[in-house]
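What follows is one structure encoded as structure tokens, with my remarks underneath.
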Amino acid sequence: MKFGLNRNLIIFIAVLTVAIALFSYFAPQANEPEEISLDETIVMSQNGKIAKIVVAGEELLITSTTDAELKTTIGSLTLVDLQELGLNLEGVDWEVKPSGINWGNLALNFLPLMIFGGLLFFLFRRAQGANSQALNFGRSRARLFDAQTPTVTFDDVAGVDEAKQEVHEVVEFLKSREKFQRLGARIPRGLLLIGPPGTGKTLLARAIAGEAGVPFFSISGSEFVEMFVGVGASRVRDLFEQAKRNAPCLIFIDEIDAVGRHRGAGLGGGHDEREQTLNQILTEMDGFDTNTSVIVLAATNRPDILDPALLRPGRFDRRVVLDRPDIIGRAAILKVHANGKPLDKSVDLEVLAKQTAGFSGADLANLVNEAAILAARRGKDAISMQELEESIDRVIAGPERKSRRISTKEKEITAYHEAGHALVAKMLPNADPVHKISIVARGLSLGHTRQLPTEDRYLMTRSQFNDMLATLLAGHTAEKLIFNEMTTGGADDIERATMIARKMATDYGMSDKLGPRTFGHKEEMVFLGREITEQRNYSEKIAQTIDEEVHKLIEHASQTATKILNEHKDKLIKIAQELIAKETLEGDELEAILSDTPPPSAKTAAESAHAPAKTKAKSKAVPKEAPPLPESPPETSPGYGLIS
């Protein structure tokens with residue numbers, strides 16, 4: 001029986017034992033002898049009514065001639081003393097028990113107390129195991145990684161070469177700080193690692209410690225503030241004290257925005273626990289001696305909400321940006337994660353890198369792992385290109401839902417919907433090439449069309465956005481053209497197209513009528529970390545103009561898609577029929593069925609090039625969001641497009 005698995009049983013047994021002991025201690029004893037006085041005992045002996053006497057310490061245990069059990073207290077008197085007092089022992093059996101401690105009675109008396117104390121001790125230990133803050137709430141919760149066993153080095157970090165160069169001097173300082181101090185150089189006290197989720201911020205921090213061969217303290221920002229008021233500041237002090245004792249070393253604070261948000265948010269005031277923790281971090285970082293070889297690393301994907309005092313020189317005075325990798329970086333990351341895994345000769349990591357534009361390092365690691373799982377499930381000895389390419393779809397859209405039963409009518413509608421996306425994307429000059437069409441259900445979608453850009457891009461043109469709009473609306477348009485009916489299948493496409501059109505008009509200055517202006521003020525609630533994007537800084541008249549421009553962009557994209565599908569209706573039907581028969585089209589087979597489509601007429605191309613909102617439509621995006629809509633340049637190139 002394992003202790004850890006039977007705590008409830010042990011508690012029940014302990015409580016039951018205590019209850020039995022208390023009952024036995026306080027319950028009246030059925031055979032307890034009746035106590036009489038010493039004078040009554042002497043009178044009984046003189047009258048010959050005593051059959052036996054047992055001397056037990058300071059008591060006489062008496063058995064009368066009628067077999068009654070009696071007792072009397074004699075104190076320090078002996079039998080001789082009792083005989084002098086008149087006790088008659090003639091004809092009486094008597095014996096003297098050796099004096100000493102009655103351990104049985106003593107144990108019985110103290111048993112309830114001992115069991116109750118043991119129960120309390122057990123409950124306190126259990127509470128401490130479940131919530132260690134109860135006794136050690138002021139201690140730092142940082143995990144220390146020993147310098148003797150570095151598990152991660154720069155060789156394990158790929159796709160962020162510039163970031164590795166930035167932090168290389170930190171490693172040099174930790175290895176040979178005398179070289180810097182001799183020249184009067186001061187290493188940055190804090191490095192802030194900034195980047196989207198999954199780009200390797202934590203991995204790079206551990207690689208710095210592994211390369212330098214120094215202790216590495218790792219803690220999450222949320223672990224400073226958990227239960228008691230003031231405990232966050234106490235943990236910060238304890239963390240920095242431990243770090244100074246282990247110098248040179250690194251402190252890594254993951255998700256520092258949990259405690260590093262702007263102060264003065266209006267909730268909690270100066271006594272807010274997060275503010276006290278942040279104040280202590282600021283004090284500790286600025287209180288370093290110049291000879292203290294403790295460097296603080298922190299990671300966040302929300303640098304915009306950090307307190308300015310945290311970012312000033314002398315604290316986190318250097319920022320290292322880790323972005324999503326380019327094609328060279330993706331190939332290097334795939335090589336790192338494929339190391340040690342049996343790969344088939346057909347596997348080409350360069351091809352995979354081209355197919356995974358917009359993937360983060362974590363996405364690529366998941367891709368390789370999913371491929372290994374698929375290969376094992378199929379009983380293969382090596383991972384082939386088939387598993388790796390299928391894993392791309394799994395990462396983007398989720399696993400196939402083969403158990404979903406779809407009627408013949410819905411399957412046909414889905415086929416025409418996806419064929420519409422593919423055909424319009426093929427015909428428009430600024431749309432990304434179609435890589436795959438499938439009507440196999442994945443996740444929440446009944447089918448998808450995946451496009452791949454010919455190169456990594458960080459800027460989007462108006463023509464590309466226009467082609468994206470037309471491609472997104474092509475599925476909805478194909479349904480109307482073939483079935484003269486509309487379904488809910490295009491809801492996500494329409495939502496994404498509307499979002500793109502609104503951003504073109506209000507954020508990107510791509511409306512001829514509105515001009516190069518932005519509309520709408522983005523205000524953030526710092527304490528809650530929520531964004532309010534509907535703050536207007538324009539009049540009702542401008543709002544009406546924005547709606548008109550958005551409608552014009554959407555309507556023009558819809559007309560472009562309708563014209564292309566009408567002109568090539570026979571090709572649309574052919575693609576859809578192939579999809580119904582084979583469910584998935586990709587590679588050379590897909591290219592063959594699309595390539596014999598004649599190029600768009602000169603009139604269509606001219607109209608598409610000079611339309612007010614541009615009639616070019618292109619689809620590229622990540623599962624739920626429109627591709628290049630983010631606010632920052634790196635986010636404007638998600639790379640792959642997935643249209644459902």
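Numbering starts fresh at 1 for the residues of each chain in the structure tokens, the chains themselves are lettered A, B, ... in the order given, and ligands are numbered from 1 as they appear.
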May I have all residues of segment 354-583 of chain A that DSSP, computed from the backbone, assigns to strand (DSSP E or B), given as a list in words?
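The residues of segment 354-583 of chain A classed as strand (DSSP E or B) are Ile383, Glu400, Val434, His435, Lys436, Ile437, Ser438, Arg442, Ser445, His448, Thr449, Arg450, Gln451, His521, Lys522, Glu523, Glu524, Met525, Arg530, Glu531, Ile532, Thr533, Glu534 and Gln535 of chain A.
Using only C-alpha atoms for every distance, the candidate list A:Glu583, A:Glu95, A:Glu284, A:Glu418 yields A:Glu95 as the residue closest to Val55 of chain A.
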Can you tell me, as a list of chain:residue names, what residues are no more than 6 Å from segment 57-63 of chain A when counting only C-alpha atoms, ignoring any on the same chain fewer than 2 positions away?
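Contacts, with the query itself left out: A:Ala51, A:Lys52, A:Ile53, A:Val54, A:Val55, A:Asp67, A:Ala68, A:Glu69, A:Leu70, A:Lys71, A:Thr72, A:Thr73, A:Ile74, A:Gly75, A:Ser99.
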Quick one: residues within 9 Å of Leu278 of chain A, only C-alpha atoms counted, chain neighbours fewer than 5 positions away excluded, as a count of residues only?
10
Work out how far apart atom CA of Ala474 of chain A and atom CA of Met499 of chain A are and give it in Å to one decimal.
16.3 Å
Go through A:Gly489, A:Gly200, A:Pro433, A:Gly515 one by one, measure the shortest atom-to-atom distance of each to Glu591 of chain A using only C-alpha atoms, and give the residue with the smallest value.
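Using only C-alpha atoms, the shortest distance to Glu591 of chain A belongs to A:Pro433.
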Find the residues around Gly329 of chain A up to 7 Å (only C-alpha atoms counted), leave out those fewer than 6 positions away in its own chain, and share them as a ChimeraX atom specification.
/A:158-160
What does the structure give for the distance between atom CA of Leu459 of chain A and atom CA of Leu423 of chain A, in Å to one decimal?
24.8 Å
Have a look at A:Arg401, A:Lys411, A:His551, A:His337 and name the one nearest to Leu469 of chain A; count only C-alpha atoms.
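The answer is A:His551, which sits nearest to Leu469 of chain A.
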